[in-house]
file final.txt (compact mmCIF, C-alpha atoms and all ligand atoms)
# COMPACT_ATOMS: atom_id res chain seq x y z
CA MET S 1 -12.54 12.97 2.36
CA ALA S 2 -10.62 14.62 -0.49
CA LYS S 3 -8.09 12.26 -2.06
CA VAL S 4 -4.50 13.30 -1.53
CA VAL S 5 -2.78 13.98 -4.85
CA LEU S 6 0.59 12.20 -5.04
CA GLY S 7 3.69 12.71 -7.15
CA VAL S 8 6.00 9.68 -6.89
CA LEU S 9 9.73 9.98 -7.62
CA ILE S 10 11.58 6.80 -8.57
CA SER S 11 14.90 5.68 -10.03
CA GLY S 12 14.48 1.96 -10.54
CA ARG S 13 12.41 -1.13 -9.90
CA GLY S 14 9.41 0.67 -8.41
CA SER S 15 8.13 -2.09 -6.13
CA ASN S 16 7.17 0.50 -3.48
CA LEU S 17 5.37 2.48 -6.18
CA GLN S 18 3.53 -0.74 -7.05
CA SER S 19 2.49 -1.24 -3.42
CA ILE S 20 1.02 2.28 -3.42
CA ILE S 21 -0.80 1.69 -6.71
CA ASP S 22 -2.18 -1.59 -5.32
CA ALA S 23 -3.28 0.00 -2.04
CA ILE S 24 -5.17 2.67 -4.00
CA GLU S 25 -6.78 0.09 -6.30
CA PHE S 26 -7.79 -2.09 -3.32
CA GLY S 27 -9.43 0.93 -1.71
CA LYS S 28 -7.01 1.01 1.23
CA LEU S 29 -5.49 4.36 0.37
CA ASP S 30 -7.45 7.57 -0.27
CA ALA S 31 -5.00 8.94 -2.80
CA ARG S 32 -4.51 9.50 -6.51
CA ILE S 33 -1.13 9.36 -8.23
CA ALA S 34 -1.07 12.36 -10.56
CA VAL S 35 2.41 11.73 -11.94
CA VAL S 36 5.44 9.45 -11.59
CA LEU S 37 8.78 11.13 -12.23
CA SER S 38 12.12 9.43 -12.81
CA ASN S 39 15.70 10.51 -13.25
CA LYS S 40 16.34 7.23 -15.12
CA ARG S 41 14.81 6.69 -18.54
CA ASP S 42 14.76 2.88 -18.21
CA ALA S 43 13.37 2.69 -14.64
CA LEU S 44 11.10 -0.36 -14.45
CA GLY S 45 8.73 1.65 -12.25
CA LEU S 46 7.81 3.84 -15.24
CA GLN S 47 6.44 0.79 -17.03
CA ARG S 48 4.53 -0.27 -13.91
CA ALA S 49 2.88 3.17 -13.76
CA GLU S 50 2.03 3.18 -17.47
CA LYS S 51 0.35 -0.23 -17.11
CA HIS S 52 -2.04 1.41 -14.66
CA GLY S 53 -2.63 4.42 -16.90
CA ILE S 54 -0.61 6.77 -14.71
CA LYS S 55 1.18 9.70 -16.32
CA THR S 56 4.99 9.34 -16.29
CA VAL S 57 7.72 11.92 -16.86
CA PHE S 58 11.43 11.23 -17.33
CA VAL S 59 13.48 14.30 -16.47
CA ASP S 60 16.89 13.76 -18.05
CA PRO S 61 19.68 14.96 -15.74
CA LYS S 62 22.17 15.26 -18.64
CA PRO S 63 21.29 18.71 -20.03
CA PHE S 64 21.48 20.17 -16.52
CA LYS S 65 25.05 19.01 -15.90
CA GLU S 66 26.53 21.92 -17.88
CA GLN S 67 24.50 24.55 -15.99
CA PRO S 68 25.64 26.43 -12.89
CA ASN S 69 23.78 25.11 -9.80
CA SER S 70 22.93 22.07 -11.86
CA ARG S 71 21.30 20.15 -8.99
CA GLU S 72 18.97 23.04 -8.14
CA ALA S 73 18.20 23.60 -11.83
CA TYR S 74 17.27 19.93 -12.10
CA ASP S 75 15.05 20.12 -9.03
CA GLN S 76 13.37 23.26 -10.42
CA ALA S 77 12.44 21.21 -13.49
CA MET S 78 11.06 18.47 -11.23
CA LEU S 79 9.16 21.07 -9.19
CA ASP S 80 7.61 22.50 -12.36
CA VAL S 81 6.21 19.06 -13.23
CA LEU S 82 4.92 18.50 -9.68
CA LYS S 83 3.20 21.89 -9.68
CA GLU S 84 1.77 21.39 -13.15
CA HIS S 85 0.07 18.24 -11.80
CA ARG S 86 -1.05 19.95 -8.59
CA VAL S 87 0.82 17.45 -6.44
CA GLU S 88 0.13 17.83 -2.73
CA LEU S 89 2.38 15.10 -1.30
CA VAL S 90 5.69 14.01 -2.83
CA ILE S 91 6.65 10.36 -2.35
CA LEU S 92 10.29 9.34 -2.76
CA ALA S 93 10.21 5.63 -3.58
CA GLY S 94 13.70 4.40 -4.35
CA TYR S 95 14.64 7.81 -5.75
CA MET S 96 18.41 7.61 -5.60
CA LYS S 97 19.29 11.24 -6.28
CA ILE S 98 19.90 13.73 -3.50
CA VAL S 99 17.03 16.20 -3.31
CA THR S 100 18.11 19.84 -2.90
CA SER S 101 16.64 22.39 -0.50
CA LEU S 102 14.80 23.98 -3.42
CA LEU S 103 12.45 21.00 -3.62
CA ILE S 104 12.52 20.23 0.11
CA GLN S 105 11.42 23.75 1.03
CA ALA S 106 8.72 23.82 -1.63
CA TYR S 107 7.28 20.63 -0.10
CA GLU S 108 8.14 21.15 3.56
CA GLY S 109 6.12 18.68 5.65
CA ARG S 110 4.70 17.31 2.41
CA MET S 111 7.48 14.99 1.20
CA MET S 112 8.08 11.43 2.43
CA ASN S 113 10.87 8.93 1.91
CA ILE S 114 11.29 5.24 2.66
CA HIS S 115 14.59 3.82 3.76
CA PRO S 116 15.54 0.16 4.33
CA SER S 117 16.87 0.45 7.90
CA LEU S 118 15.72 1.55 11.32
CA LEU S 119 16.86 5.16 11.09
CA PRO S 120 18.95 6.83 12.40
CA SER S 121 21.00 3.63 11.99
CA PHE S 122 22.49 2.99 8.58
CA PRO S 123 21.50 6.00 6.44
CA GLY S 124 22.73 6.30 2.86
CA LEU S 125 23.43 3.57 0.34
CA HIS S 126 23.38 -0.21 0.92
CA ALA S 127 21.60 0.05 4.27
CA GLN S 128 20.91 -3.69 4.47
CA GLN S 129 24.60 -4.51 3.85
CA GLN S 130 25.58 -1.89 6.43
CA ALA S 131 23.36 -3.56 9.06
CA LEU S 132 24.89 -6.98 8.35
CA ALA S 133 28.44 -5.62 8.40
CA TRP S 134 27.76 -3.96 11.75
CA GLY S 135 26.48 -7.24 13.21
CA ALA S 136 23.06 -5.80 14.04
CA LYS S 137 20.48 -8.35 15.25
CA VAL S 138 17.49 -6.29 14.13
CA SER S 139 17.02 -4.00 11.15
CA GLY S 140 13.92 -2.89 9.32
CA CYS S 141 12.53 0.07 7.43
CA THR S 142 11.48 3.65 8.09
CA VAL S 143 9.09 6.09 6.46
CA HIS S 144 9.99 9.67 7.34
CA PHE S 145 9.34 13.23 6.29
CA VAL S 146 12.14 14.68 4.18
CA THR S 147 14.21 17.50 5.60
CA GLU S 148 17.68 18.77 4.71
CA GLY S 149 20.20 16.01 5.41
CA VAL S 150 20.02 12.54 3.90
CA ASP S 151 17.53 10.15 5.60
CA GLU S 152 17.13 12.51 8.56
CA GLY S 153 13.58 13.89 8.89
CA PRO S 154 10.85 13.15 11.47
CA ILE S 155 9.97 9.45 11.52
CA ILE S 156 6.38 8.52 10.64
CA VAL S 157 6.31 4.69 10.75
CA GLN S 158 8.93 1.99 11.30
CA ALA S 159 8.91 -1.79 11.10
CA ALA S 160 11.52 -4.04 12.71
CA VAL S 161 12.90 -7.11 10.95
CA PRO S 162 15.08 -9.62 12.87
CA ILE S 163 18.37 -10.49 11.17
CA GLN S 164 19.04 -14.22 10.77
CA GLU S 165 22.44 -15.89 11.12
CA ASP S 166 22.58 -16.90 7.47
CA ASP S 167 21.22 -13.64 6.02
CA THR S 168 22.87 -12.05 3.01
CA ALA S 169 22.13 -8.50 1.85
CA GLU S 170 19.74 -10.04 -0.69
CA THR S 171 17.74 -12.24 1.71
CA LEU S 172 17.50 -9.46 4.27
CA SER S 173 16.43 -6.96 1.58
CA VAL S 174 13.60 -9.26 0.51
CA ARG S 175 12.22 -9.54 4.07
CA ILE S 176 12.57 -5.81 4.71
CA LEU S 177 10.86 -5.04 1.40
CA GLU S 178 7.71 -6.94 2.46
CA HIS S 179 7.39 -4.52 5.36
CA GLU S 180 8.19 -1.50 3.17
CA HIS S 181 5.25 -2.44 0.98
CA ARG S 182 2.97 -2.44 4.02
CA ILE S 183 4.17 0.65 5.91
CA TYR S 184 4.52 3.11 3.01
CA PRO S 185 0.81 2.98 2.06
CA GLU S 186 -0.04 3.10 5.78
CA ALA S 187 2.01 6.27 6.29
CA ILE S 188 0.43 7.92 3.24
CA GLN S 189 -3.05 6.98 4.47
CA LEU S 190 -2.30 8.61 7.84
CA TYR S 191 -1.38 11.77 5.93
CA ALA S 192 -4.54 11.50 3.83
CA GLU S 193 -6.60 11.29 7.01
CA GLY S 194 -4.87 14.42 8.35
CA ARG S 195 -3.47 12.46 11.26
CA LEU S 196 0.22 13.43 11.04
CA ALA S 197 1.40 16.39 13.11
CA ILE S 198 5.09 17.28 12.98
CA ASP S 199 6.37 18.39 16.37
CA GLY S 200 10.12 19.07 16.23
CA ARG S 201 11.86 15.77 15.57
CA ARG S 202 8.68 13.80 16.24
CA THR S 203 5.71 13.01 14.09
CA ARG S 204 2.67 12.63 16.30
CA ILE S 205 -0.18 10.45 15.13
CA VAL S 206 -3.22 12.43 16.21
CA GLU S 207 -7.01 12.17 15.94
CA SER S 208 -7.18 14.45 12.93
CA VAL S 209 -5.78 17.79 11.87
CA LYS S 210 -6.83 19.68 8.77
CA ARG S 211 -4.43 19.08 5.86
CA GLU S 212 -2.98 22.37 4.72
CA VAL S 213 -1.98 22.58 1.09
C1 LIG O 301 13.81 0.26 -1.40
O1 LIG O 301 14.35 -0.77 -0.61
C2 LIG O 301 13.93 1.59 -0.68
O2 LIG O 301 13.74 1.48 0.70
C3 LIG O 301 15.35 1.97 -1.01
O3 LIG O 301 15.50 1.64 -2.36
C4 LIG O 301 14.66 0.50 -2.65
C5 LIG O 301 13.82 0.85 -3.84
O4 LIG O 301 13.09 -0.28 -4.25
N1 LIG O 301 15.59 3.39 -0.78
C6 LIG O 301 16.72 3.89 -0.30
O5 LIG O 301 17.69 3.20 -0.03
C7 LIG O 301 16.71 5.39 -0.06
N2 LIG O 301 17.80 5.80 0.73
P1 LIG O 301 11.86 -0.10 -5.23
O6 LIG O 301 12.36 0.73 -6.44
O7 LIG O 301 11.52 -1.51 -5.65
O8 LIG O 301 10.75 0.57 -4.51
call {"tool": "encode", "arguments": {"input": "final.txt", "output": "C-alpha cells"}}
result
Amino acid sequence: MAKVVLGVLISGRGSNLQSIIDAIEFGKLDARIAVVLSNKRDALGLQRAEKHGIKTVFVDPKPFKEQPNSREAYDQAMLDVLKEHRVELVILAGYMKIVTSLLIQAYEGRMMNIHPSLLPSFPGLHAQQQALAWGAKVSGCTVHFVTEGVDEGPIIVQAAVPIQEDDTAETLSVRILEHEHRIYPEAIQLYAEGRLAIDGRRTRIVESVKREV
C-alpha cells in the first residue's frame, strides 16, 4: 500500500502531531509526514518535528496583513508549500487559524481536523470549558473532514469522555487529549487504507475504495 503523504498544520504544543509521528514510527500508520507548517514561529510542535528529522516551515502571517484578501493570500502561501511537498492529506492539529475556502477547496475531502468536543456540540474555542459551563455529563473529541464552516464537516471518528463532578477545564482537557492521541492516527490510517467514503454529512467506513489524489 502506498504511504499517504501528510502535511500537518499546527499553532502550538503539537501533542497530536507527536501522536501521529509516534504511530508512524511504531508502524501503526502507513503515512509519511512531508512537512509541518505553522503560523506561529515559536510553536513547540516545530521542535518536535525537527527532532524527528521532519521538514518544518513557518509561514509568517505578518506580511500578509497589509494585502487585500489577506487571509486568502496567506492560505495561497500555505497551499504553495503543501503542493511543493506533494501533500495528499492535510492534517489540522491544533491549528488555530481559520482556513479559507481557497485551501478547503484545494483539499476537498482530503483535509482533517481534530476538535476537543463531541461535535456538533461546543465548536470553536475553549470547547472543554464550554462543555463544563453547559453542565454536560459527557464530552469527548471528534476527527472530521474540513468543509466551509468552523468544526462542521463530516465526522470520521469520535470518542466519548465522561465528565466528573470535580473536573476543571484542565483535568478534562488532559483526559480528552489521551483519546485525541488515539483517534487521530486511527482516522488517518482509515484514510490510508482507502476506507473513508464521504456520503453527504456522513463518512462511511467501507471495505476499501481507491484513494483519488
Ligand atoms: C487539541 O486539544 C485540539 O483538539 C485542539 O487544540 C489542541 C491542540 O493541542 N483543537 C481545537 O480546538 C480546534 N478547534 P496540540 O497542539 O497539543 O495537538
call {"tool": "closest_residue", "arguments": {"input": "final.txt", "among": "S:Lys51, S:Lys97, S:Lys62, S:His144", "to": "Leu119 of chain S", "atoms": "all atoms listed in the file"}}
result
S:His144
call {"tool": "residues_near_point", "arguments": {"input": "final.txt", "point": "(12.8, 13.9, 3.7)", "cutoff": "9 Å", "atoms": "only C-alpha atoms", "output": "VMD selection string"}}
result
chain S and resid 92 99 104 108 to 114 144 to 154
call {"tool": "closest_residue", "arguments": {"input": "final.txt", "among": "S:Arg13, S:Arg86, S:Lys28, S:Arg71", "to": "Leu44 of chain S", "atoms": "only C-alpha atoms"}}
result
S:Arg13
call {"tool": "closest_residue", "arguments": {"input": "final.txt", "among": "S:Val4, S:Leu79, S:Ile183, S:Leu190", "to": "Thr203 of chain S", "atoms": "all atoms listed in the file"}}
result
S:Leu190
call {"tool": "closest_residue", "arguments": {"input": "final.txt", "among": "S:Ala159, S:Ala2, S:Ile24, S:Leu132", "to": "ligand LIG 301 (chain O)", "atoms": "all atoms listed in the file"}}
result
S:Ala159
call {"tool": "residues_around", "arguments": {"input": "final.txt", "residues": "Glu186 of chain S", "least_positions_apart": "6", "cutoff": "10 Å", "atoms": "only C-alpha atoms", "output": "PDB file with C-alpha atoms, in the coordinates of the input"}}
result
ATOM      1  CA  ILE S  20       1.020   2.280  -3.420  1.00  0.00           C
ATOM      2  CA  ALA S  23      -3.280   0.000  -2.040  1.00  0.00           C
ATOM      3  CA  LYS S  28      -7.010   1.010   1.230  1.00  0.00           C
ATOM      4  CA  LEU S  29      -5.490   4.360   0.370  1.00  0.00           C
ATOM      5  CA  VAL S 143       9.090   6.090   6.460  1.00  0.00           C
ATOM      6  CA  ILE S 156       6.380   8.520  10.640  1.00  0.00           C
ATOM      7  CA  VAL S 157       6.310   4.690  10.750  1.00  0.00           C
ATOM      8  CA  GLU S 180       8.190  -1.500   3.170  1.00  0.00           C
ATOM      9  CA  ALA S 192      -4.540  11.500   3.830  1.00  0.00           C
TER      10      ALA S 192
END
call {"tool": "residues_near_ligand", "arguments": {"input": "final.txt", "ligand": "ligand LIG 301 (chain O)", "cutoff": "10 Å", "atoms": "all atoms listed in the file", "output": "PyMOL selection string"}}
result
chain S and resi 9-20+43-45+92-98+113-117+122-128+140-143+150-151+173-174+176-181+184
call {"tool": "atom_distance", "arguments": {"input": "final.txt", "atom1": "atom CA of Lys83 of chain S", "atom2": "atom CA of Leu102 of chain S"}}
result
13.3 Å
call {"tool": "atom_distance", "arguments": {"input": "final.txt", "atom1": "atom CA of Ala136 of chain S", "atom2": "atom CA of Asp167 of chain S"}}
result
11.4 Å
call {"tool": "axis_aligned_box", "arguments": {"input": "final.txt", "around": "segment 109-128 of chain S", "padding_each_side": "3 Å", "output": "JSON"}}
result
{"center_x": 14.1, "center_y": 7.5, "center_z": 6.4, "size_x": 24.7, "size_y": 28.4, "size_z": 18.1}
call {"tool": "residues_around", "arguments": {"input": "final.txt", "residues": "Asn39 of chain S", "least_positions_apart": "5", "cutoff": "6 Å", "atoms": "all atoms listed in the file", "output": "PyMOL selection string"}}
result
chain S and resi 11+58-60
call {"tool": "residues_near_point", "arguments": {"input": "final.txt", "point": "(-2.6, 15.6, 3.4)", "cutoff": "9 Å", "atoms": "all atoms listed in the file", "output": "tab-separated table (two decimals) with C-alpha atoms, keeping the file's coordinate frame"}}
result
chain	number	residue	atom	x	y	z
S	2	ALA	CA	-10.62	14.62	-0.49
S	3	LYS	CA	-8.09	12.26	-2.06
S	4	VAL	CA	-4.50	13.30	-1.53
S	5	VAL	CA	-2.78	13.98	-4.85
S	88	GLU	CA	0.13	17.83	-2.73
S	89	LEU	CA	2.38	15.10	-1.30
S	110	ARG	CA	4.70	17.31	2.41
S	188	ILE	CA	0.43	7.92	3.24
S	189	GLN	CA	-3.05	6.98	4.47
S	190	LEU	CA	-2.30	8.61	7.84
S	191	TYR	CA	-1.38	11.77	5.93
S	192	ALA	CA	-4.54	11.50	3.83
S	193	GLU	CA	-6.60	11.29	7.01
S	194	GLY	CA	-4.87	14.42	8.35
S	195	ARG	CA	-3.47	12.46	11.26
S	196	LEU	CA	0.22	13.43	11.04
S	210	LYS	CA	-6.83	19.68	8.77
S	211	ARG	CA	-4.43	19.08	5.86
S	212	GLU	CA	-2.98	22.37	4.72
S	213	VAL	CA	-1.98	22.58	1.09
